[in-house]
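Data first, discussion second: the structure below is written as structure tokens.
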Amino acid sequence: MQEERWIKHYSNFQKILLIGEGDFSFSACLANAFGSAANMVATSLDNKDDHFRPPVAVHLCFISMVLDKHSTAKANLETLHMLDCTIGHKVDAHSMRKHPLLKTRRFDRIVFNFPHAGFLYRVRGEHDEYQIQLHQEVVRGFLQSARHMLTKNGEIHVTHKTSNPFSKWEVQKLAQEAGLCLVEEVLFSKADYPGYHNKKGYGRKTNKTFHVGECSTFKFTALTSV
């Protein structure tokens, strides 16, 4: 009989979907803790194919090559493959429930760490009102799509900074508008996830980490069945 293994909020007995992975280090961390990733689907918006050149942007972020953006991704992807993880590239958080890899699946945990819209309008400043609206649109679309992909008692987890001006994203309000209710807010610590590197994912410093600071994992569940 398989032994249940936990790392913080996550168990190898749960069906877990990870969205918006950067270098796939968070997924690899879970997989290593479990000793297997057969229960996991890890995805990114980026494309793995070195020869792919997208003609247009997808929502608020440009598809780019994950191996070019993140030098640490190769080792993490190899670990995930070895541990039987299902891996998806070009998975858009807004339309993911219609993605061929995901449309027939339901998950106990759907995880999006540090969602971000990128800097298509950097001239305005990261925390300009319009830029904040772009960030909110990323989160809103994710929550609306994820709500339809939960098992009966499934949860959506969003890890997000809680200090000003990040609090202006109003993640809890966006969740309520999407038909979700807050189960719990838990302080987030990178130390709980050995090997996890939170990547910027945009600009010329995509392989750099950023200061986490004050942040929480928000756990949401659906108000009604879907």
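Identifiers in this document derive from the order of the structure tokens: chains are assigned A, B, ..., residues are numbered from 1 separately in each chain, and ligands are numbered from 1 in order of occurrence.
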*May I have the residues within 7 Å of Ala37 in chain A as a VMD selection string, using only C-alpha atoms and disregarding those fewer than 3 positions away in the same chain?*
chain A and resid 31 34 40 80 83 to 85
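Between CA of Lys168 in chain A and CA of Tyr130 in chain A the separation is 11.7 Å.
The two atoms in question, CA of Pro100 in chain A and CA of Trp6 in chain A, are spaced 29.2 Å apart.
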*What does the distance from CA of Ala33 in chain A to CA of Arg5 in chain A come to in Å, to one decimal?*
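Between these atoms lies a distance of 7.3 Å.
Distances to Phe188 in chain A were evaluated for A:Val158, A:Leu17, A:Ile110, A:Leu143 using only C-alpha atoms, and the minimum falls at A:Val158.
Running DSSP on the backbone gives strand (DSSP E) for these residues within range 148-195 of chain A: Leu150, Thr151, Lys152, Asn153, Gly154, Glu155, Ile156, His157, Val158, Thr159, His160, Lys161, Leu180, Cys181, Leu182, Val183, Glu184, Glu185, Val186 and Leu187 of chain A.
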Those residues you just picked out, can you put them in a file as an mmCIF file, in the first residue's frame with N, CA, C and O atoms?
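The result, stored in out.cif:
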```cif
data_model
loop_
_atom_site.group_PDB
_atom_site.id
_atom_site.type_symbol
_atom_site.label_atom_id
_atom_site.label_comp_id
_atom_site.auth_asym_id
_atom_site.auth_seq_id
_atom_site.Cartn_x
_atom_site.Cartn_y
_atom_site.Cartn_z
ATOM 1 N N LEU A 150 -12.177 21.808 -10.314
ATOM 2 C CA LEU A 150 -11.987 21.255 -8.982
ATOM 3 C C LEU A 150 -12.788 19.975 -8.769
ATOM 4 O O LEU A 150 -13.887 19.817 -9.306
ATOM 5 N N THR A 151 -12.232 19.086 -7.953
ATOM 6 C CA THR A 151 -13.016 17.978 -7.435
ATOM 7 C C THR A 151 -13.989 18.526 -6.387
ATOM 8 O O THR A 151 -13.959 19.712 -6.054
ATOM 9 N N LYS A 152 -14.816 17.669 -5.837
ATOM 10 C CA LYS A 152 -15.869 18.102 -4.914
ATOM 11 C C LYS A 152 -15.322 18.939 -3.764
ATOM 12 O O LYS A 152 -15.890 19.965 -3.402
ATOM 13 N N ASN A 153 -14.239 18.496 -3.161
ATOM 14 C CA ASN A 153 -13.662 19.213 -2.020
ATOM 15 C C ASN A 153 -12.332 19.872 -2.377
ATOM 16 O O ASN A 153 -11.490 20.131 -1.505
ATOM 17 N N GLY A 154 -12.149 20.170 -3.659
ATOM 18 C CA GLY A 154 -10.891 20.722 -4.133
ATOM 19 C C GLY A 154 -10.685 22.172 -3.721
ATOM 20 O O GLY A 154 -11.633 22.884 -3.371
ATOM 21 N N GLU A 155 -9.422 22.592 -3.767
ATOM 22 C CA GLU A 155 -9.049 23.955 -3.392
ATOM 23 C C GLU A 155 -8.165 24.589 -4.459
ATOM 24 O O GLU A 155 -7.364 23.907 -5.102
ATOM 25 N N ILE A 156 -8.311 25.893 -4.590
ATOM 26 C CA ILE A 156 -7.439 26.707 -5.442
ATOM 27 C C ILE A 156 -6.506 27.488 -4.535
ATOM 28 O O ILE A 156 -6.962 28.173 -3.606
ATOM 29 N N HIS A 157 -5.218 27.386 -4.782
ATOM 30 C CA HIS A 157 -4.230 28.087 -3.963
ATOM 31 C C HIS A 157 -3.535 29.165 -4.780
ATOM 32 O O HIS A 157 -2.979 28.874 -5.848
ATOM 33 N N VAL A 158 -3.561 30.381 -4.284
ATOM 34 C CA VAL A 158 -2.857 31.497 -4.910
ATOM 35 C C VAL A 158 -1.888 32.066 -3.885
ATOM 36 O O VAL A 158 -2.295 32.510 -2.808
ATOM 37 N N THR A 159 -0.609 32.033 -4.203
ATOM 38 C CA THR A 159 0.394 32.643 -3.324
ATOM 39 C C THR A 159 0.714 34.030 -3.859
ATOM 40 O O THR A 159 1.039 34.190 -5.041
ATOM 41 N N HIS A 160 0.613 35.029 -2.976
ATOM 42 C CA HIS A 160 0.690 36.420 -3.434
ATOM 43 C C HIS A 160 1.242 37.291 -2.313
ATOM 44 O O HIS A 160 0.991 37.050 -1.126
ATOM 45 N N LYS A 161 1.975 38.335 -2.686
ATOM 46 C CA LYS A 161 2.466 39.295 -1.702
ATOM 47 C C LYS A 161 1.286 40.054 -1.085
ATOM 48 O O LYS A 161 0.321 40.382 -1.774
ATOM 49 N N LEU A 180 -16.012 31.916 -5.473
ATOM 50 C CA LEU A 180 -15.157 31.169 -4.561
ATOM 51 C C LEU A 180 -15.209 31.790 -3.171
ATOM 52 O O LEU A 180 -15.497 32.978 -3.020
ATOM 53 N N CYS A 181 -14.923 30.982 -2.163
ATOM 54 C CA CYS A 181 -14.842 31.517 -0.808
ATOM 55 C C CYS A 181 -13.489 31.161 -0.208
ATOM 56 O O CYS A 181 -12.882 30.136 -0.552
ATOM 57 N N LEU A 182 -13.012 32.018 0.693
ATOM 58 C CA LEU A 182 -11.720 31.812 1.325
ATOM 59 C C LEU A 182 -11.839 30.746 2.407
ATOM 60 O O LEU A 182 -12.646 30.858 3.326
ATOM 61 N N VAL A 183 -11.018 29.712 2.304
ATOM 62 C CA VAL A 183 -10.952 28.662 3.314
ATOM 63 C C VAL A 183 -9.956 29.046 4.400
ATOM 64 O O VAL A 183 -10.222 28.910 5.595
ATOM 65 N N GLU A 184 -8.802 29.572 3.948
ATOM 66 C CA GLU A 184 -7.729 29.870 4.882
ATOM 67 C C GLU A 184 -6.682 30.733 4.198
ATOM 68 O O GLU A 184 -6.457 30.612 2.995
ATOM 69 N N GLU A 185 -6.069 31.624 4.961
ATOM 70 C CA GLU A 185 -4.899 32.368 4.507
ATOM 71 C C GLU A 185 -3.726 31.983 5.383
ATOM 72 O O GLU A 185 -3.792 32.105 6.605
ATOM 73 N N VAL A 186 -2.655 31.481 4.766
ATOM 74 C CA VAL A 186 -1.506 30.966 5.502
ATOM 75 C C VAL A 186 -0.255 31.713 5.057
ATOM 76 O O VAL A 186 -0.024 31.887 3.856
ATOM 77 N N LEU A 187 0.555 32.148 6.010
ATOM 78 C CA LEU A 187 1.812 32.809 5.668
ATOM 79 C C LEU A 187 2.680 31.876 4.823
ATOM 80 O O LEU A 187 2.795 30.684 5.106
#
```
*asked:* So, with only C-alpha atoms as the atoms that count, which of A:Ala191, A:Leu174, A:Ile7, A:Leu45 lies closest to Met96 in chain A?
replied: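 Checking each candidate against Met96 in chain A, we get A:Leu45 as the closest.
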*Check the smallest atom-to-atom distance from each of A:Trp169, A:Phe112, A:Phe107, A:Tyr196 to Gln131 in chain A using only C-alpha atoms, then report the winner.*
A:Trp169
*Which is closer to Phe114 in chain A than all the others in A:Cys215, A:Ile16, A:Leu134, A:Ala222, using only C-alpha atoms?*
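Residue with the minimum atom-to-atom distance to Phe114 in chain A: A:Cys215.
For the residues A:Asn76, A:Ser189, A:Ser95, A:Ser27, ranking by smallest atom-to-atom distance to Met149 in chain A using only C-alpha atoms places A:Ser95 first.
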*For Thr86 in chain A, please output as a list in words all residues within 12 Å (counting only C-alpha atoms; exclusion window: fewer than 4 positions along the same chain).*
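Once the adjacent positions are removed, what remains is Lys15, Ile16, Leu17, Leu18, Ser27, Ala28, Ala31, Ser36, Ala37, Ala38, Asn39, Met40, Val41, Ala42, Thr43, Ser44, Leu77, Glu78, Thr79, Leu80, His81, Met82, Leu101 and Leu102 of chain A.
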Mind writing the picked residues with N, CA and C atoms as an mmCIF file, in the first residue's frame?
```cif
data_model
loop_
_atom_site.group_PDB
_atom_site.id
_atom_site.type_symbol
_atom_site.label_atom_id
_atom_site.label_comp_id
_atom_site.auth_asym_id
_atom_site.auth_seq_id
_atom_site.Cartn_x
_atom_site.Cartn_y
_atom_site.Cartn_z
ATOM 1 N N LYS A 15 -4.614 15.033 -6.319
ATOM 2 C CA LYS A 15 -4.387 15.338 -7.738
ATOM 3 C C LYS A 15 -4.102 16.833 -7.819
ATOM 4 N N ILE A 16 -2.877 17.168 -8.227
ATOM 5 C CA ILE A 16 -2.396 18.552 -8.139
ATOM 6 C C ILE A 16 -2.088 19.106 -9.521
ATOM 7 N N LEU A 17 -2.603 20.301 -9.799
ATOM 8 C CA LEU A 17 -2.294 21.035 -11.027
ATOM 9 C C LEU A 17 -1.533 22.291 -10.650
ATOM 10 N N LEU A 18 -0.377 22.485 -11.272
ATOM 11 C CA LEU A 18 0.429 23.682 -11.033
ATOM 12 C C LEU A 18 0.427 24.538 -12.287
ATOM 13 N N SER A 27 7.369 22.594 -8.690
ATOM 14 C CA SER A 27 6.888 21.253 -9.028
ATOM 15 C C SER A 27 7.910 20.195 -8.662
ATOM 16 N N ALA A 28 9.172 20.467 -8.983
ATOM 17 C CA ALA A 28 10.232 19.513 -8.679
ATOM 18 C C ALA A 28 10.380 19.313 -7.177
ATOM 19 N N ALA A 31 7.587 17.001 -6.146
ATOM 20 C CA ALA A 31 7.859 15.660 -6.673
ATOM 21 C C ALA A 31 8.931 14.956 -5.856
ATOM 22 N N SER A 36 7.478 10.669 -6.110
ATOM 23 C CA SER A 36 6.798 10.402 -7.371
ATOM 24 C C SER A 36 5.981 11.634 -7.725
ATOM 25 N N ALA A 37 5.790 11.867 -9.023
ATOM 26 C CA ALA A 37 4.964 12.992 -9.462
ATOM 27 C C ALA A 37 3.801 12.502 -10.311
ATOM 28 N N ALA A 38 3.446 11.243 -10.145
ATOM 29 C CA ALA A 38 2.365 10.671 -10.949
ATOM 30 C C ALA A 38 1.023 11.337 -10.672
ATOM 31 N N ASN A 39 0.902 11.989 -9.514
ATOM 32 C CA ASN A 39 -0.331 12.678 -9.147
ATOM 33 C C ASN A 39 -0.359 14.131 -9.598
ATOM 34 N N MET A 40 0.665 14.578 -10.328
ATOM 35 C CA MET A 40 0.831 15.999 -10.627
ATOM 36 C C MET A 40 0.793 16.300 -12.121
ATOM 37 N N VAL A 41 0.258 17.474 -12.433
ATOM 38 C CA VAL A 41 0.372 18.069 -13.765
ATOM 39 C C VAL A 41 1.013 19.437 -13.568
ATOM 40 N N ALA A 42 2.187 19.652 -14.147
ATOM 41 C CA ALA A 42 2.915 20.907 -14.005
ATOM 42 C C ALA A 42 2.935 21.627 -15.352
ATOM 43 N N THR A 43 2.556 22.905 -15.363
ATOM 44 C CA THR A 43 2.422 23.621 -16.630
ATOM 45 C C THR A 43 3.058 25.003 -16.573
ATOM 46 N N SER A 44 3.342 25.527 -17.759
ATOM 47 C CA SER A 44 3.806 26.909 -17.885
ATOM 48 C C SER A 44 3.208 27.517 -19.140
ATOM 49 N N LEU A 77 12.915 19.837 -15.152
ATOM 50 C CA LEU A 77 12.073 19.085 -16.078
ATOM 51 C C LEU A 77 12.518 17.631 -16.175
ATOM 52 N N GLU A 78 13.822 17.406 -16.153
ATOM 53 C CA GLU A 78 14.327 16.036 -16.180
ATOM 54 C C GLU A 78 13.890 15.269 -14.931
ATOM 55 N N THR A 79 13.942 15.937 -13.786
ATOM 56 C CA THR A 79 13.473 15.313 -12.542
ATOM 57 C C THR A 79 12.002 14.957 -12.630
ATOM 58 N N LEU A 80 11.200 15.880 -13.136
ATOM 59 C CA LEU A 80 9.762 15.649 -13.244
ATOM 60 C C LEU A 80 9.448 14.507 -14.204
ATOM 61 N N HIS A 81 10.143 14.471 -15.335
ATOM 62 C CA HIS A 81 9.942 13.369 -16.279
ATOM 63 C C HIS A 81 10.293 12.040 -15.620
ATOM 64 N N MET A 82 11.392 12.006 -14.912
ATOM 65 C CA MET A 82 11.855 10.779 -14.266
ATOM 66 C C MET A 82 10.845 10.290 -13.221
ATOM 67 N N LEU A 101 -4.961 18.862 -22.714
ATOM 68 C CA LEU A 101 -4.337 18.099 -21.637
ATOM 69 C C LEU A 101 -5.167 18.100 -20.359
ATOM 70 N N LEU A 102 -6.047 19.097 -20.210
ATOM 71 C CA LEU A 102 -6.713 19.327 -18.938
ATOM 72 C C LEU A 102 -8.233 19.234 -18.965
#
```
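Of the residues under consideration (A:Ser216, A:Thr104, A:Asn113, A:Gln144), A:Gln144 shows the shortest atom-to-atom contact distance to Ala175 in chain A when counting only C-alpha atoms.
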